[in-house]
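Visitor: The file below is input14.tsv, TSV, C-alpha atoms:
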chain	number	residue	atom	x	y	z
A	291	MET	CA	4.12	-44.62	9.88
A	292	ILE	CA	4.76	-45.38	13.52
A	293	ASN	CA	4.45	-42.70	16.20
A	294	PRO	CA	7.78	-42.82	18.08
A	295	ASN	CA	6.37	-40.71	20.93
A	296	GLY	CA	3.22	-42.64	21.66
A	297	LEU	CA	0.51	-44.89	20.33
A	298	THR	CA	-0.18	-45.49	16.65
A	299	ILE	CA	-3.61	-46.72	15.57
A	300	TYR	CA	-4.67	-47.74	12.08
A	301	THR	CA	-8.40	-48.15	11.46
A	302	ASP	CA	-10.84	-49.17	8.76
A	303	GLY	CA	-14.51	-49.95	8.38
A	304	ALA	CA	-16.47	-51.85	5.77
A	305	ALA	CA	-20.07	-52.51	4.83
A	306	ARG	CA	-21.49	-55.07	2.42
A	307	GLY	CA	-24.21	-52.89	1.04
A	308	ASN	CA	-24.66	-49.51	2.60
A	309	PRO	CA	-26.48	-50.26	4.82
A	310	GLY	CA	-25.75	-53.95	5.14
A	311	ARG	CA	-23.48	-56.33	7.00
A	312	GLY	CA	-20.50	-54.44	8.30
A	313	GLY	CA	-17.29	-54.68	10.22
A	314	TYR	CA	-14.34	-52.76	11.53
A	315	GLY	CA	-10.69	-53.52	11.98
A	316	ALA	CA	-7.96	-51.71	13.89
A	317	ILE	CA	-4.30	-52.17	14.69
A	318	LEU	CA	-2.83	-50.61	17.82
A	319	MET	CA	0.96	-50.26	17.99
A	320	TRP	CA	2.88	-49.23	21.11
A	321	LYS	CA	6.65	-49.64	20.96
A	322	GLU	CA	7.13	-53.36	20.17
A	323	GLU	CA	3.55	-54.37	20.98
A	324	VAL	CA	0.91	-54.83	18.28
A	325	LYS	CA	-2.75	-55.65	18.86
A	326	GLU	CA	-5.35	-56.31	16.17
A	327	ILE	CA	-9.08	-56.02	16.84
A	328	SER	CA	-12.20	-56.49	14.72
A	329	GLN	CA	-15.94	-57.02	15.01
A	330	GLY	CA	-18.75	-57.66	12.55
A	331	TYR	CA	-22.29	-56.28	12.62
A	332	THR	CA	-25.55	-57.54	11.15
A	333	TYR	CA	-26.80	-54.26	9.70
A	334	THR	CA	-24.94	-50.95	9.64
A	335	THR	CA	-23.20	-48.43	7.36
A	336	ASN	CA	-19.65	-47.91	6.19
A	337	ASN	CA	-19.34	-44.56	7.98
A	338	ARG	CA	-20.52	-46.08	11.26
A	339	MET	CA	-17.91	-48.82	10.94
A	340	GLU	CA	-15.16	-46.32	10.12
A	341	LEU	CA	-16.02	-44.42	13.29
A	342	MET	CA	-16.59	-47.57	15.34
A	343	SER	CA	-13.06	-48.76	14.54
A	344	VAL	CA	-11.66	-45.62	16.19
A	345	ILE	CA	-13.97	-45.93	19.19
A	346	ALA	CA	-13.16	-49.61	19.70
A	347	ALA	CA	-9.43	-48.90	19.66
A	348	LEU	CA	-9.69	-45.96	22.07
A	349	SER	CA	-11.96	-47.99	24.37
A	350	LEU	CA	-9.12	-50.44	25.00
A	351	LEU	CA	-6.80	-47.82	26.45
A	352	LYS	CA	-6.14	-48.01	30.17
A	353	ARG	CA	-4.07	-44.82	30.64
A	354	PRO	CA	-5.07	-41.19	30.08
A	355	ASN	CA	-3.03	-38.48	28.38
A	356	LEU	CA	-1.57	-40.57	25.60
A	357	ASN	CA	-0.07	-39.05	22.47
A	358	ILE	CA	-1.99	-40.87	19.70
A	359	GLU	CA	-1.76	-40.80	15.92
A	360	ILE	CA	-4.75	-42.38	14.19
A	361	TYR	CA	-4.45	-43.30	10.52
A	362	SER	CA	-7.71	-43.68	8.62
A	363	ASP	CA	-8.80	-43.77	5.00
A	364	SER	CA	-12.14	-42.21	6.00
A	365	LYS	CA	-12.37	-38.55	5.05
A	366	TYR	CA	-15.66	-38.52	6.97
A	367	VAL	CA	-13.88	-39.30	10.24
A	368	VAL	CA	-10.62	-37.43	9.64
A	369	GLN	CA	-12.21	-34.21	8.40
A	370	ALA	CA	-14.92	-34.19	11.06
A	371	VAL	CA	-12.24	-34.13	13.77
A	372	MET	CA	-9.35	-32.25	12.19
A	373	GLU	CA	-11.50	-29.53	10.59
A	374	LYS	CA	-13.43	-29.10	13.87
A	375	TRP	CA	-16.81	-30.06	12.40
A	376	LEU	CA	-17.38	-32.32	15.40
A	377	ASP	CA	-16.90	-29.43	17.82
A	378	LYS	CA	-19.72	-27.56	16.04
A	379	TRP	CA	-21.94	-30.63	15.98
A	380	ILE	CA	-21.44	-31.14	19.72
A	381	ALA	CA	-22.09	-27.44	20.44
A	382	THR	CA	-25.36	-27.51	18.46
A	383	ASP	CA	-26.41	-30.97	19.72
A	384	PHE	CA	-26.22	-32.32	16.15
A	385	LYS	CA	-28.85	-29.87	14.93
A	386	GLY	CA	-29.84	-30.34	11.32
A	387	GLY	CA	-29.90	-34.11	11.37
A	388	LYS	CA	-26.19	-34.89	11.46
A	389	LYS	CA	-25.70	-38.63	11.26
A	390	ASN	CA	-24.30	-40.97	13.89
A	391	PRO	CA	-24.60	-38.69	16.94
A	392	ASP	CA	-24.42	-41.71	19.27
A	393	LEU	CA	-20.99	-42.71	17.96
A	394	TRP	CA	-19.70	-39.15	17.68
A	395	ARG	CA	-20.61	-38.48	21.31
A	396	LYS	CA	-18.84	-41.67	22.36
A	397	TYR	CA	-15.74	-40.74	20.34
A	398	TYR	CA	-15.79	-37.20	21.75
A	399	SER	CA	-15.92	-38.50	25.32
A	400	LEU	CA	-13.02	-40.91	24.74
A	401	SER	CA	-10.96	-38.33	22.87
A	402	ARG	CA	-10.99	-35.81	25.74
A	403	GLU	CA	-8.59	-38.06	27.67
A	404	HIS	CA	-5.81	-37.97	25.06
A	405	GLN	CA	-3.89	-35.87	22.55
A	406	ILE	CA	-5.08	-37.24	19.22
A	407	LYS	CA	-3.92	-36.43	15.73
A	408	PHE	CA	-5.66	-37.94	12.71
A	409	VAL	CA	-3.83	-38.65	9.48
A	410	TRP	CA	-5.71	-39.47	6.31
A	411	VAL	CA	-4.25	-42.29	4.21
A	412	LYS	CA	-5.40	-43.28	0.77
A	413	GLY	CA	-7.29	-46.55	0.99
A	414	HIS	CA	-6.15	-49.59	-0.98
A	415	ALA	CA	-2.90	-47.84	-1.91
A	416	SER	CA	-0.25	-50.27	-0.69
A	417	ASN	CA	-0.09	-49.09	2.92
A	418	PRO	CA	0.34	-52.45	4.66
A	419	TYR	CA	-1.37	-51.39	7.90
A	420	ASN	CA	-4.35	-49.90	6.07
A	421	GLN	CA	-4.60	-53.04	3.94
A	422	ARG	CA	-4.50	-55.24	7.04
A	423	CYS	CA	-7.26	-53.19	8.67
A	424	ASP	CA	-9.33	-53.60	5.51
A	425	GLU	CA	-8.80	-57.37	5.70
A	426	LEU	CA	-9.86	-57.37	9.36
A	427	ALA	CA	-12.96	-55.26	8.63
A	428	THR	CA	-14.14	-57.23	5.61
A	429	SER	CA	-13.47	-60.58	7.30
A	430	ALA	CA	-15.48	-59.43	10.31
A	431	ALA	CA	-18.35	-58.29	8.05
A	432	ASP	CA	-18.30	-61.66	6.28
A	433	GLY	CA	-17.94	-63.64	9.51
A	434	LYS	CA	-20.40	-65.57	11.62
A	435	ASN	CA	-20.06	-63.75	14.96
A	436	LEU	CA	-22.04	-60.67	13.97
A	437	ILE	CA	-23.64	-58.45	16.57
A	438	GLU	CA	-26.36	-55.82	16.31
A	439	ASP	CA	-25.42	-52.18	15.80
A	440	SER	CA	-27.97	-51.03	18.36
A	441	GLY	CA	-27.40	-47.35	17.59
A	442	PHE	CA	-28.07	-47.63	13.86
A	443	LYS	CA	-31.38	-46.10	12.87
A	444	PRO	CA	-32.19	-46.90	9.24
A	445	LEU	CA	-34.31	-44.44	7.30
A	446	THR	CA	-37.91	-45.57	7.12
Could you express the structure from this file as structure tokens?
Guide:
Amino acid sequence: MINPNGLTIYTDGAARGNPGRGGYGAILMWKEEVKEISQGYTYTTNNRMELMSVIAALSLLKRPNLNIEIYSDSKYVVQAVMEKWLDKWIATDFKGGKKNPDLWRKYYSLSREHQIKFVWVKGHASNPYNQRCDELATSAADGKNLIEDSGFKPLT
């Protein structure tokens, strides 16, 4: 689906092992313009990459107050936002050991500038944009230009 009234973003994350090498991919679509982004990481988790794909896409935006539809196959990301779990996590400062507070805080900060609607899509189910994001994410995870996920804290 394409948002006729604003920006459409498709996102995906991947990890080879969980934790392991990871990557994200995103496609941003505004009218006739399409931009693809991706990045690989040396050691991370799938959920971090799912969330990082959204953050990376939103970080590129130069104007506030955009109407944005974000399509993701991550129930973790979609439900946390749409069912207002994130609002509770922010209000309680992630009490109870909620994971990925660094990324959730970053997303929350970026999201305040826009009107964002998340739409869950079934992964690997013939949605061409979701499939392309998966290709971007897995290629990034398998690539050579990996960077460190400095916020990832593995369990010891």
Visitor: Kindly give the distance, in Å, that separates atom CA of A:Ala427 and atom CA of A:Glu373, rounded to a single decimal.
Guide: 25.8 Å
Visitor: Grab the atom CA of A:Lys443 to atom CA of A:Asn308 distance for me, in Å with one decimal place.
Guide: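 Spanning atom CA of A:Lys443 to atom CA of A:Asn308 is a straight-line distance of 12.7 Å.
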Visitor: Would you kindly return, as a PyMOL selection string, each protein, DNA or RNA residue with an atom no farther than 12 Å from any atom of A:Ser399, considering only C-alpha atoms and excluding same-chain residues fewer than 6 positions away?
Guide: chain A and resi 345+348-349+376-377+380+392-393
Visitor: State, in Å with one decimal place, the distance from atom CA of A:Val367 to atom CA of A:Thr298.
Guide: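 Separation between atom CA of A:Val367 and atom CA of A:Thr298: 16.3 Å.
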Visitor: Select, from A:Met342, A:Ala381, A:Leu400, A:Ile327, the residue with the minimum atom-to-atom distance to A:Asn355, counting only C-alpha atoms.
Guide: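 Ranking A:Met342, A:Ala381, A:Leu400, A:Ile327 by distance to A:Asn355, first place goes to A:Leu400.
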Visitor: List the spatial neighbours of stretch 332-334 of chain A as a tab-separated table (two decimals) with C-alpha atoms, in the frame of the given file - criterion: any atom at most 6 Å away, all atoms listed in the file, same-chain residues fewer than 6 positions off excluded.
Guide:
chain	number	residue	atom	x	y	z
A	309	PRO	CA	-26.48	-50.26	4.82
A	310	GLY	CA	-25.75	-53.95	5.14
A	311	ARG	CA	-23.48	-56.33	7.00
A	312	GLY	CA	-20.50	-54.44	8.30
A	436	LEU	CA	-22.04	-60.67	13.97
A	437	ILE	CA	-23.64	-58.45	16.57
A	438	GLU	CA	-26.36	-55.82	16.31
Visitor: With a distance cut-off of 6 Å and only C-alpha atoms, select the neighbouring residues of stretch 401-408 of chain A, excluding the residue or stretch itself and same-chain residues fewer than 6 positions from it, and output the selection as number ranges by chain.
Guide: A: 354-361, 368
Visitor: Using all atoms listed in the file, can you tell me which of A:Thr335, A:Thr382, A:Asn417, A:Asn295 comes closest to A:Gly307?
Guide: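 Result for the nearest residue to A:Gly307: A:Thr335.
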Visitor: May I have the centre and edge lengths, in Å to one decimal, of an axis-aligned box around the listed atoms of stretch 343-346 of chain A with 6 Å added to every side, as lines of an AutoDock Vina configuration file?
Guide:
center_x = -12.8
center_y = -47.6
center_z = 17.1
size_x = 14.3
size_y = 16.0
size_z = 17.2
Visitor: Looking at A:Ser364, A:Asp432, A:Ser343, A:Arg338, which one is nearest to A:Leu318, with distances taken over all atoms listed in the file?
Guide: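 Selected residue with least distance to A:Leu318: A:Ser343.
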Visitor: Which residues, written as a PDB file with C-alpha atoms, in the frame of the given file, have at least one atom at most 8 Å from A:Gly313, with all atoms listed in the file counted and residues fewer than 2 positions away on the same chain left out?
Guide:
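Dumped everything to out.pdb:
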ATOM      1  CA  GLY A 303     -14.510 -49.950   8.380  1.00  0.00           C
ATOM      2  CA  ALA A 304     -16.470 -51.850   5.770  1.00  0.00           C
ATOM      3  CA  ALA A 305     -20.070 -52.510   4.830  1.00  0.00           C
ATOM      4  CA  ARG A 311     -23.480 -56.330   7.000  1.00  0.00           C
ATOM      5  CA  GLY A 315     -10.690 -53.520  11.980  1.00  0.00           C
ATOM      6  CA  SER A 328     -12.200 -56.490  14.720  1.00  0.00           C
ATOM      7  CA  GLN A 329     -15.940 -57.020  15.010  1.00  0.00           C
ATOM      8  CA  GLY A 330     -18.750 -57.660  12.550  1.00  0.00           C
ATOM      9  CA  TYR A 331     -22.290 -56.280  12.620  1.00  0.00           C
ATOM     10  CA  MET A 339     -17.910 -48.820  10.940  1.00  0.00           C
ATOM     11  CA  LEU A 426      -9.860 -57.370   9.360  1.00  0.00           C
ATOM     12  CA  ALA A 427     -12.960 -55.260   8.630  1.00  0.00           C
ATOM     13  CA  THR A 428     -14.140 -57.230   5.610  1.00  0.00           C
ATOM     14  CA  SER A 429     -13.470 -60.580   7.300  1.00  0.00           C
ATOM     15  CA  ALA A 430     -15.480 -59.430  10.310  1.00  0.00           C
ATOM     16  CA  ALA A 431     -18.350 -58.290   8.050  1.00  0.00           C
TER      17      ALA A 431
END
Visitor: Name the residues, using the chain letters and numbers of the file, that sit within 7 Å of (-24.4, -42.0, 10.8) when counting all atoms listed in the file, and give them as an MDAnalysis selection string.
Guide: chainID A and resid 337:338 389:391
Visitor: Fewer than 6 positions away in the same chain doesn't count, so skip those; otherwise give me all residues within 6 Å of A:Cys423, counting all atoms listed in the file, as a list in words.
Guide: Thr301, Asp302, Gly315 and Ala316 of chain A
Visitor: Please determine, counting all atoms listed in the file, which residue among A:Pro418, A:Gly296, A:Trp320, A:Tyr314 has the shortest atom-to-atom distance to A:Asn336.
Guide: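 The closest residue to A:Asn336 is A:Tyr314.
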Visitor: Would you save stretch 298-426 of chain A from the block above with C-alpha atoms, as a compact mmCIF listing (two decimals), in the first residue's frame?
Guide:
# COMPACT_ATOMS: atom_id res chain seq x y z
CA THR A 298 5.01 5.42 3.25
CA ILE A 299 7.76 3.43 4.94
CA TYR A 300 8.30 -0.32 4.77
CA THR A 301 10.75 -1.82 7.27
CA ASP A 302 12.33 -5.12 8.21
CA GLY A 303 15.07 -6.43 10.44
CA ALA A 304 17.05 -9.65 10.45
CA ALA A 305 19.52 -11.47 12.66
CA ARG A 306 21.70 -14.47 11.86
CA GLY A 307 21.39 -16.13 15.21
CA ASN A 308 19.54 -14.26 17.88
CA PRO A 309 21.79 -12.64 18.96
CA GLY A 310 24.17 -12.66 16.03
CA ARG A 311 25.02 -10.68 12.92
CA GLY A 312 22.09 -8.49 12.02
CA GLY A 313 20.79 -5.94 9.61
CA TYR A 314 17.87 -3.74 8.75
CA GLY A 315 16.30 -2.58 5.54
CA ALA A 316 13.75 0.13 4.82
CA ILE A 317 12.03 1.67 1.83
CA LEU A 318 10.75 5.24 2.01
CA MET A 319 8.20 6.32 -0.61
CA TRP A 320 7.04 9.91 -1.12
CA LYS A 321 4.98 10.56 -4.25
CA GLU A 322 7.26 9.40 -7.09
CA GLU A 323 10.43 9.23 -4.99
CA VAL A 324 11.71 5.95 -3.53
CA LYS A 325 14.73 5.57 -1.25
CA GLU A 326 16.14 2.29 0.05
CA ILE A 327 18.39 2.12 3.11
CA SER A 328 20.13 -0.69 4.97
CA GLN A 329 22.91 -1.35 7.47
CA GLY A 330 24.50 -4.45 8.97
CA TYR A 331 25.67 -4.99 12.54
CA THR A 332 28.25 -7.33 14.05
CA TYR A 333 26.20 -8.56 17.01
CA THR A 334 22.57 -7.74 17.75
CA THR A 335 19.05 -9.19 17.89
CA ASN A 336 16.18 -9.43 15.45
CA ASN A 337 13.93 -7.18 17.55
CA ARG A 338 16.62 -4.49 17.74
CA MET A 339 16.98 -4.58 13.95
CA GLU A 340 13.20 -4.40 13.44
CA LEU A 341 13.12 -1.28 15.59
CA MET A 342 16.34 0.13 14.14
CA SER A 343 14.85 0.01 10.65
CA VAL A 344 12.06 2.34 11.77
CA ILE A 345 14.47 4.66 13.57
CA ALA A 346 16.85 4.83 10.61
CA ALA A 347 14.01 5.74 8.25
CA LEU A 348 12.59 8.41 10.57
CA SER A 349 16.08 9.84 11.15
CA LEU A 350 16.32 10.75 7.46
CA LEU A 351 13.30 13.04 7.55
CA LYS A 352 13.97 16.75 7.25
CA ARG A 353 10.44 18.12 7.80
CA PRO A 354 8.20 17.84 10.87
CA ASN A 355 4.50 17.05 10.96
CA LEU A 356 4.46 14.41 8.25
CA ASN A 357 1.61 11.94 7.85
CA ILE A 358 3.44 8.59 7.88
CA GLU A 359 2.30 5.00 7.44
CA ILE A 360 4.88 2.44 8.51
CA TYR A 361 4.46 -1.16 7.37
CA SER A 362 6.27 -3.79 9.42
CA ASP A 363 6.10 -7.54 9.87
CA SER A 364 7.24 -7.12 13.49
CA LYS A 365 4.41 -7.58 15.97
CA TYR A 366 6.91 -6.48 18.63
CA VAL A 367 7.21 -3.03 17.06
CA VAL A 368 3.66 -2.60 15.77
CA GLN A 369 1.92 -3.71 18.96
CA ALA A 370 4.25 -1.76 21.25
CA VAL A 371 3.24 1.46 19.49
CA MET A 372 -0.34 0.86 18.41
CA GLU A 373 -1.45 -0.79 21.66
CA LYS A 374 0.25 1.99 23.68
CA TRP A 375 2.68 -0.34 25.48
CA LEU A 376 5.47 2.12 24.68
CA ASP A 377 3.63 4.96 26.42
CA LYS A 378 3.52 2.85 29.61
CA TRP A 379 7.16 1.87 29.27
CA ILE A 380 8.18 5.52 28.88
CA ALA A 381 6.00 6.57 31.85
CA THR A 382 7.57 3.91 34.10
CA ASP A 383 11.12 4.41 32.74
CA PHE A 384 11.10 0.82 31.41
CA LYS A 385 10.59 -0.62 34.89
CA GLY A 386 10.64 -4.38 35.02
CA GLY A 387 13.50 -4.87 32.62
CA LYS A 388 11.81 -4.05 29.32
CA LYS A 389 14.26 -4.65 26.50
CA ASN A 390 15.80 -2.12 24.14
CA PRO A 391 15.06 1.07 26.10
CA ASP A 392 17.79 2.94 24.20
CA LEU A 393 16.09 2.32 20.86
CA TRP A 394 12.57 2.84 22.18
CA ARG A 395 13.55 6.22 23.61
CA LYS A 396 15.09 7.20 20.29
CA TYR A 397 11.99 6.08 18.38
CA TYR A 398 9.74 7.92 20.85
CA SER A 399 11.68 11.16 20.40
CA LEU A 400 11.55 10.92 16.60
CA SER A 401 7.88 9.95 16.56
CA ARG A 402 6.74 13.05 18.47
CA GLU A 403 7.43 15.15 15.36
CA HIS A 404 4.99 13.28 13.11
CA GLN A 405 1.60 11.59 12.81
CA ILE A 406 2.53 7.92 12.53
CA LYS A 407 0.31 4.93 11.89
CA PHE A 408 1.76 1.42 11.96
CA VAL A 409 0.34 -1.37 9.84
CA TRP A 410 1.31 -4.98 10.45
CA VAL A 411 1.99 -7.05 7.34
CA LYS A 412 2.56 -10.77 7.27
CA GLY A 413 6.23 -11.44 6.58
CA HIS A 414 7.29 -13.50 3.57
CA ALA A 415 3.75 -13.41 2.19
CA SER A 416 4.24 -11.97 -1.29
CA ASN A 417 4.17 -8.29 -0.34
CA PRO A 418 6.85 -6.97 -2.70
CA TYR A 419 7.93 -4.09 -0.45
CA ASN A 420 8.20 -6.33 2.61
CA GLN A 421 10.15 -8.87 0.58
CA ARG A 422 12.52 -6.17 -0.67
CA CYS A 423 13.09 -4.94 2.89
CA ASP A 424 13.88 -8.52 3.91
CA GLU A 425 16.42 -8.73 1.07
CA LEU A 426 17.99 -5.45 2.18
